[in-house]
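Have a look at my_file07.pdb; it's PDB, C-alpha atoms:
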```
ATOM      1  CA  MET X   1       0.000   0.000   0.000
ATOM      2  CA  GLU X   2       1.348   3.393  -0.993
ATOM      3  CA  GLU X   3       2.216   5.865   1.750
ATOM      4  CA  HIS X   4       0.376   9.210   1.444
ATOM      5  CA  SER X   5       1.629  12.645   2.412
ATOM      6  CA  PRO X   6      -0.078  14.173   5.474
ATOM      7  CA  GLU X   7      -2.028  16.550   3.192
ATOM      8  CA  ARG X   8      -3.194  13.692   0.951
ATOM      9  CA  LYS X   9      -4.155  11.564   3.956
ATOM     10  CA  ALA X  10      -6.151  14.480   5.409
ATOM     11  CA  MET X  11      -7.930  14.938   2.080
ATOM     12  CA  LEU X  12      -8.798  11.225   1.846
ATOM     13  CA  ASP X  13     -10.028  11.238   5.452
ATOM     14  CA  TYR X  14     -12.216  14.211   4.576
ATOM     15  CA  VAL X  15     -13.562  12.326   1.531
ATOM     16  CA  GLU X  16     -14.808   9.644   3.934
ATOM     17  CA  GLN X  17     -16.294  12.245   6.303
ATOM     18  CA  PHE X  18     -18.207  14.110   3.583
ATOM     19  CA  SER X  19     -19.212  10.830   1.906
ATOM     20  CA  ALA X  20     -20.839   9.714   5.152
ATOM     21  CA  ILE X  21     -23.276  12.636   4.904
ATOM     22  CA  LEU X  22     -24.155  11.739   1.312
ATOM     23  CA  ILE X  23     -24.580   8.066   2.245
ATOM     24  CA  SER X  24     -26.889   8.965   5.130
ATOM     25  CA  SER X  25     -28.906  11.011   2.612
ATOM     26  CA  GLY X  26     -29.444   7.942   0.444
ATOM     27  CA  MET X  27     -26.536   7.923  -2.002
ATOM     28  CA  GLN X  28     -24.764   4.625  -2.625
ATOM     29  CA  ARG X  29     -21.453   4.364  -0.755
ATOM     30  CA  MET X  30     -19.112   4.176  -3.739
ATOM     31  CA  ALA X  31     -20.942   6.910  -5.652
ATOM     32  CA  ALA X  32     -20.671   9.122  -2.563
ATOM     33  CA  ARG X  33     -16.940   8.479  -2.288
ATOM     34  CA  VAL X  34     -16.307   9.122  -6.004
ATOM     35  CA  PHE X  35     -18.428  12.284  -6.015
ATOM     36  CA  THR X  36     -16.690  13.641  -2.921
ATOM     37  CA  TYR X  37     -13.259  12.803  -4.317
ATOM     38  CA  ILE X  38     -14.010  14.726  -7.521
ATOM     39  CA  LEU X  39     -15.463  17.560  -5.430
ATOM     40  CA  VAL X  40     -12.461  18.057  -3.167
ATOM     41  CA  ASP X  41      -9.458  17.015  -5.257
ATOM     42  CA  ASP X  42      -7.796  19.808  -7.226
ATOM     43  CA  ASP X  43      -7.861  18.276 -10.717
ATOM     44  CA  GLU X  44     -10.625  19.412 -13.047
ATOM     45  CA  THR X  45     -11.210  16.134 -14.888
ATOM     46  CA  TYR X  46     -10.625  12.488 -14.014
ATOM     47  CA  THR X  47     -10.409   9.263 -15.948
ATOM     48  CA  ALA X  48     -11.860   6.177 -14.324
ATOM     49  CA  ALA X  49      -8.300   4.948 -13.761
ATOM     50  CA  GLU X  50      -7.344   8.199 -12.003
ATOM     51  CA  ILE X  51     -10.364   7.948  -9.716
ATOM     52  CA  ALA X  52      -9.601   4.294  -8.975
ATOM     53  CA  GLU X  53      -5.993   5.115  -8.155
ATOM     54  CA  GLY X  54      -6.911   8.178  -6.098
ATOM     55  CA  LEU X  55      -9.371   6.266  -3.925
ATOM     56  CA  SER X  56      -7.560   2.896  -4.048
ATOM     57  CA  ILE X  57     -10.639   1.172  -5.464
ATOM     58  CA  SER X  58     -11.264  -1.051  -8.480
ATOM     59  CA  LEU X  59     -12.176   0.161 -11.950
ATOM     60  CA  ALA X  60     -15.405  -1.839 -11.642
ATOM     61  CA  ALA X  61     -16.321   0.116  -8.508
ATOM     62  CA  VAL X  62     -15.613   3.384 -10.329
ATOM     63  CA  SER X  63     -17.700   2.268 -13.308
ATOM     64  CA  GLY X  64     -20.766   1.601 -11.175
ATOM     65  CA  ALA X  65     -20.324   4.808  -9.206
ATOM     66  CA  VAL X  66     -19.923   7.090 -12.230
ATOM     67  CA  ARG X  67     -22.908   5.421 -13.914
ATOM     68  CA  GLU X  68     -25.027   6.413 -10.889
ATOM     69  CA  LEU X  69     -23.534   9.919 -10.751
ATOM     70  CA  LEU X  70     -24.082  10.470 -14.496
ATOM     71  CA  ALA X  71     -27.704   9.319 -14.251
ATOM     72  CA  ALA X  72     -28.288  11.720 -11.362
ATOM     73  CA  GLY X  73     -26.646  14.598 -13.239
ATOM     74  CA  LEU X  74     -23.983  15.001 -10.553
ATOM     75  CA  VAL X  75     -21.051  14.550 -12.929
ATOM     76  CA  PHE X  76     -20.598  15.058 -16.653
ATOM     77  CA  LYS X  77     -18.690  12.854 -19.057
ATOM     78  CA  THR X  78     -16.495  14.471 -21.698
ATOM     79  CA  ARG X  79     -13.309  13.617 -23.591
ATOM     80  CA  ARG X  80      -9.812  14.874 -23.019
ATOM     81  CA  PRO X  81      -8.561  16.850 -26.000
ATOM     82  CA  SER X  82      -6.457  14.748 -28.397
ATOM     83  CA  THR X  83      -7.309  11.466 -26.636
ATOM     84  CA  ARG X  84     -10.134   8.996 -26.687
ATOM     85  CA  ALA X  85     -10.248   8.808 -22.906
ATOM     86  CA  ASP X  86     -13.574   9.497 -21.202
ATOM     87  CA  VAL X  87     -13.192  11.937 -18.344
ATOM     88  CA  TYR X  88     -15.560  12.958 -15.596
ATOM     89  CA  ARG X  89     -16.021  16.403 -14.126
ATOM     90  CA  LEU X  90     -18.325  18.506 -11.980
ATOM     91  CA  ASN X  91     -20.133  21.640 -13.069
ATOM     92  CA  ASP X  92     -17.572  23.932 -11.446
ATOM     93  CA  ASP X  93     -19.516  27.077 -12.298
ATOM     94  CA  ASP X  94     -22.358  26.153  -9.985
ATOM     95  CA  ILE X  95     -21.796  22.779  -8.345
ATOM     96  CA  TRP X  96     -24.517  22.887  -5.695
ATOM     97  CA  GLY X  97     -26.907  25.106  -7.610
ATOM     98  CA  GLY X  98     -26.854  22.518 -10.360
ATOM     99  CA  ILE X  99     -27.231  19.594  -8.000
ATOM    100  CA  MET X 100     -29.876  20.990  -5.688
ATOM    101  CA  LEU X 101     -31.784  23.452  -7.823
ATOM    102  CA  ASP X 102     -31.713  22.110 -11.387
ATOM    103  CA  ARG X 103     -34.313  19.433 -10.799
ATOM    104  CA  SER X 104     -37.074  20.632 -13.108
ATOM    105  CA  GLY X 105     -36.965  17.468 -15.233
ATOM    106  CA  PHE X 106     -37.378  15.333 -12.153
ATOM    107  CA  LEU X 107     -40.238  17.493 -10.864
ATOM    108  CA  ASP X 108     -41.880  17.503 -14.304
ATOM    109  CA  ARG X 109     -41.907  13.687 -14.342
ATOM    110  CA  TYR X 110     -43.620  13.576 -10.944
ATOM    111  CA  ARG X 111     -46.156  16.210 -12.011
ATOM    112  CA  ASP X 112     -46.831  14.633 -15.410
ATOM    113  CA  THR X 113     -47.335  11.204 -13.876
ATOM    114  CA  ALA X 114     -49.690  12.673 -11.281
ATOM    115  CA  VAL X 115     -51.649  14.395 -14.073
ATOM    116  CA  ILE X 116     -52.089  11.035 -15.846
ATOM    117  CA  GLY X 117     -53.574   9.695 -12.618
ATOM    118  CA  ILE X 118     -55.808  12.760 -12.262
ATOM    119  CA  GLU X 119     -57.144  12.215 -15.775
ATOM    120  CA  THR X 120     -57.531   8.459 -15.246
ATOM    121  CA  LEU X 121     -58.953   8.018 -11.755
ATOM    122  CA  PRO X 122     -62.496   8.759 -10.667
ATOM    123  CA  ALA X 123     -63.149  11.541  -8.162
ATOM    124  CA  GLY X 124     -62.163  10.560  -4.646
ATOM    125  CA  PRO X 125     -59.424  10.865  -2.052
ATOM    126  CA  GLY X 126     -56.778   9.141  -4.202
ATOM    127  CA  ARG X 127     -57.385  11.494  -7.111
ATOM    128  CA  GLU X 128     -57.336  14.487  -4.759
ATOM    129  CA  ARG X 129     -53.931  13.388  -3.428
ATOM    130  CA  LEU X 130     -52.673  13.313  -7.023
ATOM    131  CA  VAL X 131     -54.055  16.818  -7.610
ATOM    132  CA  GLN X 132     -52.121  17.918  -4.531
ATOM    133  CA  THR X 133     -49.015  16.093  -5.824
ATOM    134  CA  ALA X 134     -49.167  17.831  -9.216
ATOM    135  CA  ALA X 135     -49.808  21.212  -7.608
ATOM    136  CA  PHE X 136     -46.931  20.743  -5.161
ATOM    137  CA  MET X 137     -44.495  19.774  -7.918
ATOM    138  CA  GLU X 138     -45.507  22.862  -9.890
ATOM    139  CA  PHE X 139     -45.046  25.022  -6.787
ATOM    140  CA  ILE X 140     -41.629  23.531  -5.975
ATOM    141  CA  LYS X 141     -40.456  23.918  -9.564
ATOM    142  CA  GLU X 142     -41.264  27.642  -9.520
ATOM    143  CA  GLU X 143     -39.758  28.150  -6.055
ATOM    144  CA  MET X 144     -36.580  26.379  -7.109
ATOM    145  CA  ARG X 145     -36.350  28.544 -10.231
ATOM    146  CA  LEU X 146     -36.621  31.656  -8.056
ATOM    147  CA  MET X 147     -34.164  30.243  -5.535
ATOM    148  CA  HIS X 148     -31.687  29.513  -8.336
ATOM    149  CA  GLU X 149     -31.948  33.123  -9.527
ATOM    150  CA  HIS X 150     -31.412  34.353  -5.982
ATOM    151  CA  TRP X 151     -28.450  32.007  -5.547
ATOM    152  CA  ARG X 152     -26.813  33.228  -8.775
ATOM    153  CA  GLU X 153     -27.170  36.812  -7.500
ATOM    154  CA  ARG X 154     -25.616  36.038  -4.093
ATOM    155  CA  LYS X 155     -23.164  33.196  -4.826
ATOM    156  CA  LEU X 156     -20.049  35.344  -5.175
ATOM    157  CA  GLU X 157     -20.896  37.490  -2.156
ATOM    158  CA  ILE X 158     -21.521  34.526   0.138
ATOM    159  CA  SER X 159     -18.458  32.633  -1.144
ATOM    160  CA  ALA X 160     -16.256  35.684  -0.585
ATOM    161  CA  ALA X 161     -17.536  35.936   3.002
ATOM    162  CA  TYR X 162     -16.475  32.317   3.678
ATOM    163  CA  GLU X 163     -13.027  32.979   2.239
ATOM    164  CA  ALA X 164     -12.715  36.177   4.330
ATOM    165  CA  ARG X 165     -13.664  34.283   7.512
ATOM    166  CA  ARG X 166     -11.100  31.607   6.682
ATOM    167  CA  ARG X 167      -8.434  34.309   6.424
ATOM    168  CA  GLY X 168      -9.630  35.940   9.636
ATOM    169  CA  VAL X 169     -10.916  39.062   7.894
ATOM    170  CA  ASP X 170     -14.241  40.675   8.815
ATOM    171  CA  PRO X 171     -16.308  40.295   5.599
ATOM    172  CA  SER X 172     -18.504  43.275   6.489
ATOM    173  CA  SER X 173     -15.601  45.739   6.502
TER     174      SER X 173
END
```
Show how you would write the structure in this file as structure tokens.
Amino acid sequence: MEEHSPERKAMLDYVEQFSAILISSGMQRMAARVFTYILVDDDETYTAAEIAEGLSISLAAVSGAVRELLAAGLVFKTRRPSTRADVYRLNDDDIWGGIMLDRSGFLDRYRDTAVIGIETLPAGPGRERLVQTAAFMEFIKEEMRLMHEHWRERKLEISAAYEARRRGVDPSS
């Protein structure tokens, strides 16, 4: 087993710590580890082999994890220039906005399926619950759109405040 520098060991320990939160939220263990590794490591793109080496896991484990992350829209697959190698990356422009707020397709599927039930079922409590489901999905979609706009307006300001606090500077001055 390869010996890691103290900085690398701290980063890998942090990968496990952050992954635990994702796992407790319902993400599969290996997908959580791969996502967190890509999130916190400094490279911008990763081949499956680089992820496997970085986390000391098998290529098969990486394959399953990136398949889940791609399906969820948490990572993107592209190609490295002048090679045929698939590489994986995050949306660095808006990592969490994309993950948490760009769910309109998901919400549309819930709403559209509820509408099919509304049009199919006779009047009654079940149909009324589907009406509420469709209405809620429509409401959440609009609220998330507004929240995404608000986030884009404030992202730089809030991020700068975290960096200022890290440096020990009063962000309000």
Discussion item. Once the PyMOL selection byres ((chain X and resi 59-73) around 8) is applied to the coordinates I shared, what remains selected? I want it as a list in words.
Written reply: Gln28, Met30, Ala31, Ala32, Val34, Phe35, Ala48, Ala49, Ile51, Ala52, Ile57, Ser58, Leu74, Val75, Phe76, Lys77 and Ile99 of chain X
Discussion item. So the first atom is CA of Asp170 in chain X and the second is CA of Trp151 in chain X; what is the distance between them in Å, to one decimal place?
Written reply: 22.0 Å
Practice prompt. I need the residue set behind the PyMOL selection byres ((chain X and resi 4-18) around 6) for this file; please write it as a VMD selection string.
Written response: chain X and resid 3 19 to 21 36 to 37
Export of the given selection (C-alpha atoms) as a short mmCIF file (atom, residue, chain, number, x, y, z; two decimals), keeping the file's coordinate frame:
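And here is the file that came out, result-v9.cif:
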```
data_model
loop_
_atom_site.label_atom_id
_atom_site.label_comp_id
_atom_site.auth_asym_id
_atom_site.auth_seq_id
_atom_site.Cartn_x
_atom_site.Cartn_y
_atom_site.Cartn_z
CA GLU X 3 2.22 5.86 1.75
CA SER X 19 -19.21 10.83 1.91
CA ALA X 20 -20.84 9.71 5.15
CA ILE X 21 -23.28 12.64 4.90
CA THR X 36 -16.69 13.64 -2.92
CA TYR X 37 -13.26 12.80 -4.32
#
```
Worksheet item: With all atoms listed in the file as the basis for distance, which of X:Gln132, X:Trp96, X:Arg84, X:Arg89 is at the shortest distance from Ile118 in chain X?
Response: X:Gln132
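Of the residues listed (X:Ala164, X:Ile23, X:Ile140, X:Val40), X:Val40 shows the shortest atom-to-atom separation from Leu90 in chain X; distances use all atoms listed in the file.
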Worksheet item: What gap, in Å, lies between CA of Glu53 in chain X and CA of Val87 in chain X?
Response: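 Going from CA of Glu53 in chain X over to CA of Val87 in chain X, I get 14.2 Å.
Note that the spacing between CA of Met100 in chain X and CA of Met147 in chain X amounts to 10.2 Å.
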Worksheet entry | Selected residue of minimal separation from Ser159 in chain X among X:Asp94, X:Ser104, X:Met27, X:Ile116, counting only C-alpha atoms |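 Of X:Asp94, X:Ser104, X:Met27, X:Ile116, the one nearest Ser159 in chain X, counting only C-alpha atoms, is X:Asp94.
With distances taken over all atoms listed in the file, X:Thr47 is the one residue among X:Thr47, X:Lys141, X:Ser24, X:Arg129 lying closest to Tyr88 in chain X.
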